[in-house]
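Participant: To be precise about what I am sending: the file is called entry.txt and holds compact mmCIF, C-alpha atoms and all ligand atoms.
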# COMPACT_ATOMS: atom_id res chain seq x y z
CA MET A 3 -6.70 -23.19 -8.41
CA MET A 4 -8.34 -26.51 -7.51
CA ILE A 5 -10.26 -26.46 -4.26
CA THR A 6 -8.02 -29.18 -2.86
CA ASP A 7 -5.00 -26.88 -3.43
CA ILE A 8 -6.32 -23.99 -1.32
CA PRO A 9 -4.02 -23.58 1.69
CA ILE A 10 -5.95 -24.14 4.89
CA ASN A 11 -5.49 -22.59 8.31
CA LYS A 12 -3.60 -24.95 10.59
CA PRO A 13 -1.06 -24.59 13.39
CA GLU A 14 2.43 -23.95 12.07
CA PRO A 15 4.99 -26.60 13.05
CA PHE A 16 7.64 -25.28 15.40
CA LEU A 17 11.09 -26.47 14.38
CA HIS A 18 13.51 -25.78 17.16
CA LYS A 19 17.21 -26.38 16.61
CA GLN A 20 18.45 -26.62 20.19
CA PRO A 21 16.87 -29.13 22.54
CA LEU A 22 14.29 -27.52 24.84
CA VAL A 23 14.17 -27.66 28.62
CA GLN A 24 12.03 -30.64 29.60
CA PHE A 25 9.02 -30.73 31.88
CA ASN A 26 7.66 -33.84 33.60
CA GLN A 27 6.02 -34.67 36.90
CA SER A 28 9.27 -34.29 38.86
CA THR A 29 10.18 -30.82 37.55
CA ASN A 30 9.87 -27.88 39.92
CA ILE A 31 6.68 -26.02 39.02
CA ASN A 32 7.60 -22.57 40.33
CA ARG A 33 10.87 -22.52 38.50
CA THR A 34 9.15 -23.70 35.35
CA ILE A 35 6.58 -20.92 35.51
CA LYS A 36 9.34 -18.35 36.09
CA ALA A 37 11.11 -19.64 32.99
CA LEU A 38 7.91 -19.31 30.98
CA GLU A 39 7.49 -15.75 32.24
CA ALA A 40 11.01 -15.06 31.04
CA GLY A 41 9.90 -16.20 27.58
CA LYS A 42 11.71 -19.56 27.58
CA PRO A 43 9.97 -22.39 25.71
CA LEU A 44 9.89 -25.91 27.14
CA ILE A 45 8.84 -29.34 26.10
CA ILE A 46 6.47 -31.77 27.85
CA THR A 47 7.93 -35.24 28.27
CA GLU A 48 6.77 -38.69 29.45
CA LEU A 49 3.00 -38.23 29.86
CA TYR A 50 0.37 -36.13 28.08
CA ASN A 51 -1.08 -35.47 31.47
CA ASN A 52 2.07 -33.53 32.43
CA GLY A 53 1.00 -30.87 29.95
CA LEU A 54 -2.47 -30.69 31.50
CA LEU A 55 -0.91 -30.51 34.95
CA LEU A 56 1.34 -27.60 33.98
CA LEU A 57 -1.53 -25.68 32.37
CA ASN A 58 -3.53 -26.16 35.54
CA GLU A 59 -0.66 -24.83 37.66
CA LEU A 60 -0.27 -21.90 35.29
CA HIS A 61 -3.93 -21.02 35.81
CA LYS A 62 -3.54 -21.23 39.58
CA HIS A 63 -0.46 -19.02 39.43
CA LEU A 64 -2.10 -16.38 37.24
CA LYS A 65 -5.25 -16.36 39.38
CA ARG A 66 -3.12 -15.50 42.40
CA LYS A 67 -1.21 -12.88 40.51
CA LEU A 68 -3.70 -11.13 38.23
CA PRO A 69 -7.11 -9.63 38.97
CA ASN A 70 -9.71 -11.37 36.85
CA THR A 71 -13.09 -9.75 37.38
CA SER A 72 -13.72 -6.79 35.09
CA PHE A 73 -14.09 -7.36 31.37
CA GLN A 74 -10.76 -5.63 30.75
CA GLU A 75 -9.01 -7.75 33.41
CA GLN A 76 -10.39 -10.95 31.95
CA ARG A 77 -9.06 -10.00 28.55
CA GLU A 78 -5.64 -9.24 30.03
CA TYR A 79 -5.68 -12.56 31.93
CA ARG A 80 -6.53 -14.52 28.79
CA SER A 81 -3.84 -12.77 26.83
CA VAL A 82 -1.12 -13.52 29.44
CA TYR A 83 -2.30 -17.13 29.70
CA ARG A 84 -2.30 -17.49 25.92
CA ASN A 85 1.25 -16.16 25.61
CA LEU A 86 2.69 -18.33 28.38
CA SER A 87 0.83 -21.53 27.54
CA ASN A 88 1.94 -21.28 23.92
CA LEU A 89 5.56 -21.64 25.09
CA ILE A 90 4.74 -25.16 26.24
CA TYR A 91 5.51 -27.56 23.43
CA ILE A 92 4.94 -31.18 22.69
CA GLU A 93 6.73 -33.37 20.18
CA ILE A 94 5.20 -35.11 17.18
CA ILE A 95 7.00 -37.95 15.41
CA ASP A 96 5.43 -39.81 12.51
CA HIS A 97 2.11 -38.04 13.03
CA LYS A 98 1.78 -39.10 16.66
CA LEU A 99 2.39 -37.32 19.94
CA THR A 100 5.47 -38.87 21.50
CA VAL A 101 4.37 -38.67 25.15
CA LYS A 102 2.46 -41.61 26.65
CA LYS A 103 -1.33 -41.73 27.08
CA SER A 104 -1.81 -39.12 24.37
CA PRO A 105 -4.98 -38.82 22.35
CA CYS A 106 -4.87 -39.97 18.72
CA ILE A 107 -5.40 -36.94 16.51
CA GLY A 108 -6.14 -37.74 12.89
CA TRP A 109 -5.47 -34.16 11.77
CA LEU A 110 -1.74 -34.70 12.34
CA ASN A 111 -1.67 -37.20 9.51
CA LYS A 112 -3.85 -35.13 7.23
CA PHE A 113 -2.22 -31.73 7.83
CA TYR A 114 1.47 -32.60 7.97
CA PRO A 115 1.92 -35.53 5.60
CA GLU A 116 5.50 -34.57 4.80
CA THR A 117 6.69 -33.26 8.15
CA SER A 118 7.59 -36.19 10.30
CA ASN A 119 9.29 -34.62 13.32
CA PHE A 120 8.19 -31.29 14.76
CA LEU A 121 6.71 -29.49 17.75
CA LEU A 122 3.33 -27.88 18.32
CA SER A 123 2.30 -25.90 21.35
CA PHE A 124 0.16 -27.69 23.90
CA PRO A 125 -2.88 -25.40 23.39
CA GLN A 126 -2.63 -25.98 19.63
CA VAL A 127 -2.67 -29.72 20.25
CA GLN A 128 -5.66 -29.35 22.56
CA GLY A 129 -7.48 -27.42 19.81
CA LEU A 130 -6.64 -30.07 17.24
CA ASN A 131 -7.74 -32.80 19.61
CA SER A 132 -11.17 -31.39 20.43
CA SER A 133 -11.78 -30.56 16.78
CA TRP A 134 -10.83 -34.12 15.83
CA GLN A 135 -13.37 -35.50 18.31
CA TRP A 136 -16.15 -33.31 16.82
CA TYR A 137 -15.10 -34.27 13.31
CA LYS A 138 -14.76 -37.99 13.92
CA ASN A 139 -17.88 -38.47 16.05
CA GLY A 140 -19.99 -35.94 14.18
CA ILE A 141 -22.67 -33.68 15.61
CA SER A 142 -26.40 -34.36 15.49
CA ILE A 143 -28.45 -31.43 14.31
CA PRO A 144 -32.19 -31.61 15.04
CA VAL A 145 -33.25 -30.55 11.51
CA LEU A 146 -30.94 -32.95 9.65
CA ARG A 147 -31.12 -36.69 9.28
CA ASN A 148 -27.35 -37.16 9.12
CA LYS A 149 -24.72 -35.86 11.48
CA ILE A 150 -22.42 -33.07 10.33
CA HIS A 151 -18.64 -33.50 10.59
CA PRO A 152 -17.15 -30.03 11.02
CA TYR A 153 -13.65 -29.62 9.65
CA TYR A 154 -10.85 -28.16 11.77
CA GLY A 155 -11.22 -24.38 12.15
CA THR A 156 -14.75 -24.23 10.72
CA TYR A 157 -17.83 -22.75 12.36
CA PHE A 158 -20.57 -25.16 13.36
CA PRO A 159 -23.82 -24.46 15.19
CA THR A 160 -24.05 -25.31 18.87
CA ARG A 161 -27.58 -23.97 19.28
CA PHE A 162 -30.31 -24.71 16.84
CA ASP A 163 -33.21 -22.26 17.19
CA HIS A 164 -32.29 -20.36 14.00
CA LEU A 165 -32.03 -23.65 12.09
CA ILE A 166 -35.53 -24.59 13.25
CA LEU A 167 -36.84 -21.22 12.03
CA PHE A 168 -35.24 -21.85 8.64
CA ASP A 169 -36.60 -25.38 8.49
CA ASN A 170 -40.14 -24.18 9.18
CA TRP A 171 -39.77 -21.54 6.51
CA LEU A 172 -38.43 -24.05 3.95
CA LYS A 173 -41.31 -26.40 4.72
CA ARG A 174 -43.81 -23.75 3.60
CA TYR A 175 -41.74 -22.32 0.75
CA GLU A 176 -43.64 -22.64 -2.51
CA GLY A 177 -41.29 -20.94 -4.99
CA LEU A 178 -38.99 -22.50 -7.56
CA LYS A 179 -36.25 -24.79 -6.29
CA LYS A 180 -33.84 -24.81 -9.19
CA SER A 181 -31.00 -23.06 -7.43
CA ALA A 182 -29.96 -21.19 -4.30
CA ILE A 183 -26.84 -19.45 -3.00
CA ASP A 184 -25.58 -20.02 0.55
CA VAL A 185 -23.21 -17.19 1.47
CA GLY A 186 -20.76 -18.24 4.21
CA ILE A 187 -21.59 -21.94 4.05
CA GLY A 188 -19.52 -22.95 7.14
CA SER A 189 -20.11 -26.65 7.81
CA GLY A 190 -22.91 -26.72 5.27
CA VAL A 191 -25.96 -26.93 7.53
CA LEU A 192 -28.20 -24.48 5.66
CA SER A 193 -27.27 -26.01 2.29
CA PHE A 194 -28.06 -29.49 3.60
CA GLN A 195 -31.46 -28.20 4.72
CA MET A 196 -32.15 -26.76 1.26
CA VAL A 197 -31.16 -30.02 -0.41
CA LYS A 198 -33.43 -31.86 2.03
CA TYR A 199 -36.35 -29.71 0.83
CA GLY A 200 -35.63 -30.42 -2.80
CA PHE A 201 -33.38 -27.64 -4.07
CA GLN A 202 -31.66 -28.98 -7.14
CA LYS A 203 -28.48 -26.95 -6.88
CA VAL A 204 -26.92 -24.91 -4.11
CA PHE A 205 -23.89 -22.68 -4.64
CA GLY A 206 -21.94 -22.15 -1.43
CA THR A 207 -19.09 -19.75 -0.64
CA ASP A 208 -16.89 -18.97 2.31
CA THR A 209 -13.89 -16.76 3.08
CA ASN A 210 -12.62 -19.47 5.40
CA PRO A 211 -10.56 -21.94 3.32
CA ASN A 212 -11.09 -24.68 5.92
CA ALA A 213 -14.87 -24.54 5.37
CA ILE A 214 -14.49 -25.03 1.62
CA VAL A 215 -11.76 -27.67 1.75
CA GLY A 216 -13.54 -29.52 4.56
CA LEU A 217 -16.92 -29.64 2.84
CA THR A 218 -15.34 -30.71 -0.45
CA ALA A 219 -13.69 -33.65 1.29
CA PHE A 220 -16.84 -34.50 3.23
CA MET A 221 -19.08 -34.56 0.14
CA GLU A 222 -16.51 -36.20 -2.14
CA ASP A 223 -18.20 -39.47 -2.91
CA THR A 224 -21.73 -38.64 -1.90
CA LYS A 225 -24.72 -37.46 -3.92
CA LEU A 226 -24.35 -34.11 -2.17
CA SER A 227 -21.33 -33.23 -4.31
CA ARG A 228 -23.62 -33.10 -7.35
CA LYS A 229 -26.05 -30.79 -5.59
CA ILE A 230 -23.72 -28.43 -3.72
CA GLU A 231 -20.99 -26.51 -5.53
CA LEU A 232 -18.40 -24.53 -3.65
CA ASP A 233 -16.18 -21.53 -4.19
CA PHE A 234 -13.64 -19.98 -1.85
CA GLY A 235 -13.75 -16.21 -1.34
CA ASN A 236 -15.73 -13.13 -0.48
CA LEU A 237 -19.55 -13.07 -0.55
CA PHE A 238 -20.80 -14.45 -3.89
CA CYS A 239 -17.38 -15.24 -5.46
CA LYS A 240 -17.82 -16.54 -8.98
CA TRP A 241 -21.58 -17.10 -8.76
CA GLU A 242 -22.99 -14.41 -11.02
CA LYS A 243 -26.19 -16.02 -12.26
CA GLN A 244 -29.47 -14.89 -10.79
CA THR A 245 -31.16 -17.28 -8.43
CA GLU A 246 -34.50 -17.68 -6.67
CA LEU A 247 -33.09 -17.91 -3.15
CA ILE A 248 -30.11 -16.36 -1.41
CA VAL A 249 -29.42 -17.44 2.17
CA PHE A 250 -26.97 -15.86 4.60
CA ASN A 251 -26.35 -16.64 8.24
CA PRO A 252 -23.85 -13.84 8.83
CA PRO A 253 -21.77 -13.04 11.88
CA TRP A 254 -24.07 -11.51 14.47
CA LEU A 255 -21.73 -9.11 16.29
CA PRO A 256 -19.90 -6.02 15.07
CA ILE A 257 -16.13 -5.85 15.31
CA SER A 258 -15.35 -3.09 17.72
CA ARG A 259 -12.10 -1.36 17.09
CA ASN A 260 -10.49 -1.75 20.49
CA LEU A 261 -10.99 -5.50 20.72
CA ASP A 262 -8.98 -8.14 18.98
CA ARG A 263 -11.89 -9.81 17.28
CA ASN A 264 -10.87 -11.35 14.06
CA ASP A 265 -13.08 -14.37 13.68
CA GLU A 266 -15.18 -13.83 10.58
CA ALA A 267 -17.71 -16.42 11.68
CA PHE A 268 -18.77 -14.27 14.63
CA TYR A 269 -17.84 -10.64 13.96
CA TYR A 270 -18.70 -8.45 10.99
CA ASN A 271 -16.94 -5.34 9.77
CA GLU A 272 -18.83 -2.24 8.67
CA ASN A 273 -18.58 -3.07 4.95
CA LEU A 274 -19.99 -6.58 5.10
CA PHE A 275 -23.72 -5.82 5.01
CA PRO A 276 -23.70 -2.86 2.55
CA GLU A 277 -21.57 -4.97 0.15
CA PHE A 278 -23.70 -8.04 0.67
CA PHE A 279 -26.98 -6.23 -0.11
CA GLU A 280 -25.51 -4.54 -3.17
CA GLU A 281 -24.27 -7.83 -4.60
CA ALA A 282 -27.37 -9.78 -3.56
CA LYS A 283 -29.57 -7.35 -5.48
CA LYS A 284 -27.74 -8.23 -8.70
CA ARG A 285 -28.17 -11.96 -8.18
CA LEU A 286 -31.74 -12.22 -7.06
CA LEU A 287 -34.34 -13.11 -9.70
CA PRO A 288 -37.22 -10.61 -9.85
CA GLN A 289 -39.47 -12.94 -7.84
CA GLY A 290 -36.57 -14.28 -5.70
CA LYS A 291 -36.22 -14.26 -1.91
CA LEU A 292 -33.38 -13.18 0.29
CA VAL A 293 -33.33 -15.00 3.63
CA ILE A 294 -31.07 -13.75 6.41
CA LEU A 295 -30.70 -15.38 9.80
CA PHE A 296 -29.89 -12.95 12.54
CA SER A 297 -30.33 -12.29 16.23
CA ASN A 298 -30.81 -9.47 18.71
CA LEU A 299 -27.58 -10.51 20.45
CA ALA A 300 -25.65 -7.34 19.57
CA GLN A 301 -28.51 -5.16 20.77
CA ILE A 302 -29.20 -6.91 24.07
CA THR A 303 -25.51 -7.07 24.95
CA LYS A 304 -25.36 -3.33 24.13
CA GLU A 305 -22.70 -3.85 21.46
CA THR A 306 -24.59 -1.65 19.04
CA GLU A 307 -27.98 -0.10 18.44
CA ASN A 308 -27.50 -0.63 14.75
CA HIS A 309 -29.37 -3.50 13.12
CA PRO A 310 -27.87 -3.99 9.65
CA ILE A 311 -31.00 -5.52 8.11
CA GLU A 312 -33.36 -2.89 9.47
CA LYS A 313 -30.92 -0.28 8.23
CA GLU A 314 -30.94 -1.75 4.73
CA LEU A 315 -34.75 -1.82 4.67
CA LEU A 316 -34.95 1.80 5.79
CA GLU A 317 -32.18 3.26 3.69
CA GLY A 318 -31.15 0.82 0.95
CA GLY A 319 -34.10 1.22 -1.41
CA ARG A 320 -33.39 -2.24 -2.85
CA PHE A 321 -35.57 -4.68 -0.95
CA GLN A 322 -38.82 -4.78 0.90
CA LEU A 323 -39.70 -6.90 3.87
CA GLU A 324 -41.92 -9.87 3.20
CA LYS A 325 -41.84 -11.21 6.74
CA CYS A 326 -39.64 -11.45 9.83
CA PHE A 327 -40.02 -14.52 12.03
CA LYS A 328 -38.64 -14.50 15.58
CA LYS A 329 -37.99 -17.24 18.09
CA THR A 330 -36.91 -17.01 21.70
CA VAL A 331 -33.67 -18.85 22.26
CA LYS A 332 -33.90 -21.87 24.51
CA ILE A 333 -31.66 -21.39 27.51
CA ALA A 334 -29.11 -24.17 27.66
CA SER A 335 -28.92 -24.45 31.44
CA LYS A 336 -29.97 -22.67 34.62
CA LYS A 337 -26.35 -21.76 35.24
CA THR A 338 -26.11 -19.87 31.97
CA LYS A 339 -29.24 -17.95 32.87
CA ARG A 340 -27.81 -16.84 36.19
CA ASP A 341 -24.45 -15.80 34.77
CA GLN A 342 -25.69 -14.05 31.70
CA ASN A 343 -28.95 -12.35 32.44
CA TRP A 344 -29.36 -10.91 28.97
CA ARG A 345 -29.64 -14.42 27.58
CA SER A 346 -33.28 -14.64 28.68
CA PHE A 347 -34.10 -11.92 26.12
CA GLU A 348 -32.24 -13.46 23.25
CA GLU A 349 -34.19 -14.03 20.06
CA VAL A 350 -33.16 -15.36 16.70
CA GLU A 351 -34.64 -13.80 13.59
CA LEU A 352 -35.36 -14.99 10.09
CA TRP A 353 -35.75 -12.12 7.65
CA VAL A 354 -37.37 -12.66 4.25
CA LEU A 355 -36.66 -9.81 1.84
CA ILE A 356 -37.95 -9.47 -1.69
CA ASN A 357 -37.01 -7.25 -4.60
CA LYS A 358 -38.54 -3.79 -4.65
C1 LIG B 1 -22.21 -17.68 11.52
S1 LIG B 1 -21.30 -18.61 10.37
C2 LIG B 1 -22.61 -19.50 9.54
C3 LIG B 1 -22.16 -20.76 8.84
C4 LIG B 1 -23.28 -21.62 8.24
N1 LIG B 1 -23.94 -20.93 7.17
C5 LIG B 1 -24.29 -21.99 9.32
O1 LIG B 1 -25.37 -21.41 9.32
O2 LIG B 1 -23.98 -22.85 10.16
C6 LIG B 1 -20.82 -17.38 9.19
C7 LIG B 1 -19.97 -17.92 8.05
O3 LIG B 1 -19.77 -16.88 7.08
C8 LIG B 1 -18.42 -16.87 6.66
N2 LIG B 1 -18.14 -15.51 6.19
C9 LIG B 1 -17.91 -14.39 6.93
N3 LIG B 1 -17.72 -13.32 6.13
C10 LIG B 1 -17.86 -13.78 4.85
C11 LIG B 1 -17.77 -13.15 3.56
N4 LIG B 1 -17.52 -11.85 3.43
N5 LIG B 1 -17.95 -13.93 2.46
C12 LIG B 1 -18.21 -15.27 2.57
N6 LIG B 1 -18.29 -15.90 3.77
C13 LIG B 1 -18.12 -15.17 4.88
C14 LIG B 1 -17.64 -17.31 7.90
O4 LIG B 1 -16.37 -17.80 7.57
C15 LIG B 1 -18.57 -18.39 8.47
O5 LIG B 1 -18.31 -19.65 7.94
What is this file in structure tokens?

Facilitator:
Amino acid sequence: MMITDIPINKPEPFLHKQPLVQFNQSTNINRTIKALEAGKPLIITELYNNGLLLLNELHKHLKRKLPNTSFQEQREYRSVYRNLSNLIYIEIIDHKLTVKKSPCIGWLNKFYPETSNFLLSFPQVQGLNSSWQWYKNGISIPVLRNKIHPYYGTYFPTRFDHLILFDNWLKRYEGLKKSAIDVGIGSGVLSFQMVKYGFQKVFGTDTNPNAIVGLTAFMEDTKLSRKIELDFGNLFCKWEKQTELIVFNPPWLPISRNLDRNDEAFYYNENLFPEFFEEAKKRLLPQGKLVILFSNLAQITKETENHPIEKELLEGGRFQLEKCFKKTVKIASKKTKRDQNWRSFEEVELWVLINK
């Protein structure tokens, strides 16, 4: 299959046969919320802002009705809000939202070229809109000269301490630079750093189709497409050849069974690390290096005592530690510090492992 043919994750168009109940600024809010609670979908008309207004009222209503303090209660609140808000629809005709004063969302054109008249839920449209803004305007990353343009539904870094650790390590790296593998390439940041430091070829993979399709489109006509090759799938995919550097910035938190955590950018299952180390061993040249970016996040938030890299070093018998660099995470704002005390202890880690 060609990379451009891989189906991506995108909101499914809602095709409703009967006309939906309409909501605008003169509709009764209480009755509307009751209808939502009875599971009845509705459509926003006239102004985009009417959708925002209704979501705001829904929040106010749920805050009065549901407790929202304990962790469990917050989860319940979010789940009720998600279900109700996703019954609020908005119409798209010819790749544009039909209500006035709507944002222009380029994804509509790209994702639904053949569907000219359909509905999406308001939260889906909000997600598409903010992603389009990130994509179109790009994001500056301190260690890269050019902005990155993250594709819809793809992980991108919002804090940069781990990237700075990697940059400092690359600066001093004296090994061969013929090739490297970037497992879970995301929006490509680590690969771009390796290319910046002179790696001739980087092979990237990801289980998220949007990451692979997005990067392919982004690199299309640039020199990068000759330096970075992509494959869609688990861990190393088709890259079998041994290489001098393998890089992985994995998810940092374990999936815990009773939570609905299914985002593979953030949460790892129990097989990920054992499988990764087994496969990495086969692909690392005898003098090669395995670099893993990690953090103490799971430990300081008491998610787990288990540190998958330490575990591998103790029990795996495959690699030995060359060095582990650590960096305290810069706290984004005073507010964050007050709300999340553990954040002041957060450190990112760069592990360099070599063959035993
Ligand atoms: C924390 S993000 C890092 C992305 C990028 N390397 C960076 O540093 O910005 C982890 C990435 O790994 C991908 N991923 C998770 N499990 C994977 C697996 N088993 N094989 C390949 N990629 C995986 C996710 O989809 C996500 O893009």

Participant: For ligand LIG 1 (chain B), which residue among A:Ala282, A:Ile45, A:Leu89, A:Leu130 is the nearest when counting only C-alpha atoms and all ligand atoms?

Facilitator: A:Ala282

Participant: Compute the set of protein, DNA and RNA residues whose minimum atom distance to ligand LIG 1 (chain B) is at most 7 Å, using all atoms listed in the file, and state it as a PyMOL selection string.

Facilitator: chain A and resi 156-159+184-192+207-210+213+235-238+250-253+266-268+270+274

Participant: Between CA of Lys12 in chain A and CA of Gly155 in chain A, what is the distance, to one decimal in Å?

Facilitator: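 Pair CA of Lys12 in chain A / CA of Gly155 in chain A returns 7.8 Å.
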
Participant: For CA of Pro125 in chain A and CA of Asn88 in chain A, quote the distance in Å rounded to one decimal.

Facilitator: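 Answer for the CA of Pro125 in chain A to CA of Asn88 in chain A separation: 6.4 Å.
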
Participant: Return the single residue from A:Pro43, A:Gly290, A:Gly53, A:Pro310 that is closest to Asn26 in chain A, with distances computed using all atoms listed in the file.

Facilitator: A:Gly53

Participant: Name the closest residue to Asn131 in chain A among the candidates A:Leu146, A:Ile311, A:Leu110, A:Leu286; distances are taken between atoms, counting all atoms listed in the file.

Facilitator: A:Leu110

Participant: Contacts of range 314-323 of chain A at 7 Å or less, counting all atoms listed in the file, minus same-chain residues fewer than 2 places along, as a VMD selection string?

Facilitator: chain A and resid 283 310 to 312 325 354 to 358

Participant: Can you tell me which residues surround range 17-25 of chain A at a distance of at most 7 Å, considering only C-alpha atoms, apart from same-chain residues fewer than 6 positions away, and format the answer as a ChimeraX atom specification?

Facilitator: /A:43-47,120-121

Participant: So how far away is CA of Arg285 in chain A from CA of Ser227 in chain A, in Å?

Facilitator: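 Interatomic distance here is 22.7 Å.
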
Participant: Once 6 Å is added on each side, what centre and edge lengths in Å to one decimal does the axis-aligned box around all listed atoms of range 179-190 of chain A have, as lines of an AutoDock Vina configuration file?

Facilitator:
center_x = -27.9
center_y = -22.0
center_z = -0.7
size_x = 28.7
size_y = 21.5
size_z = 29.0
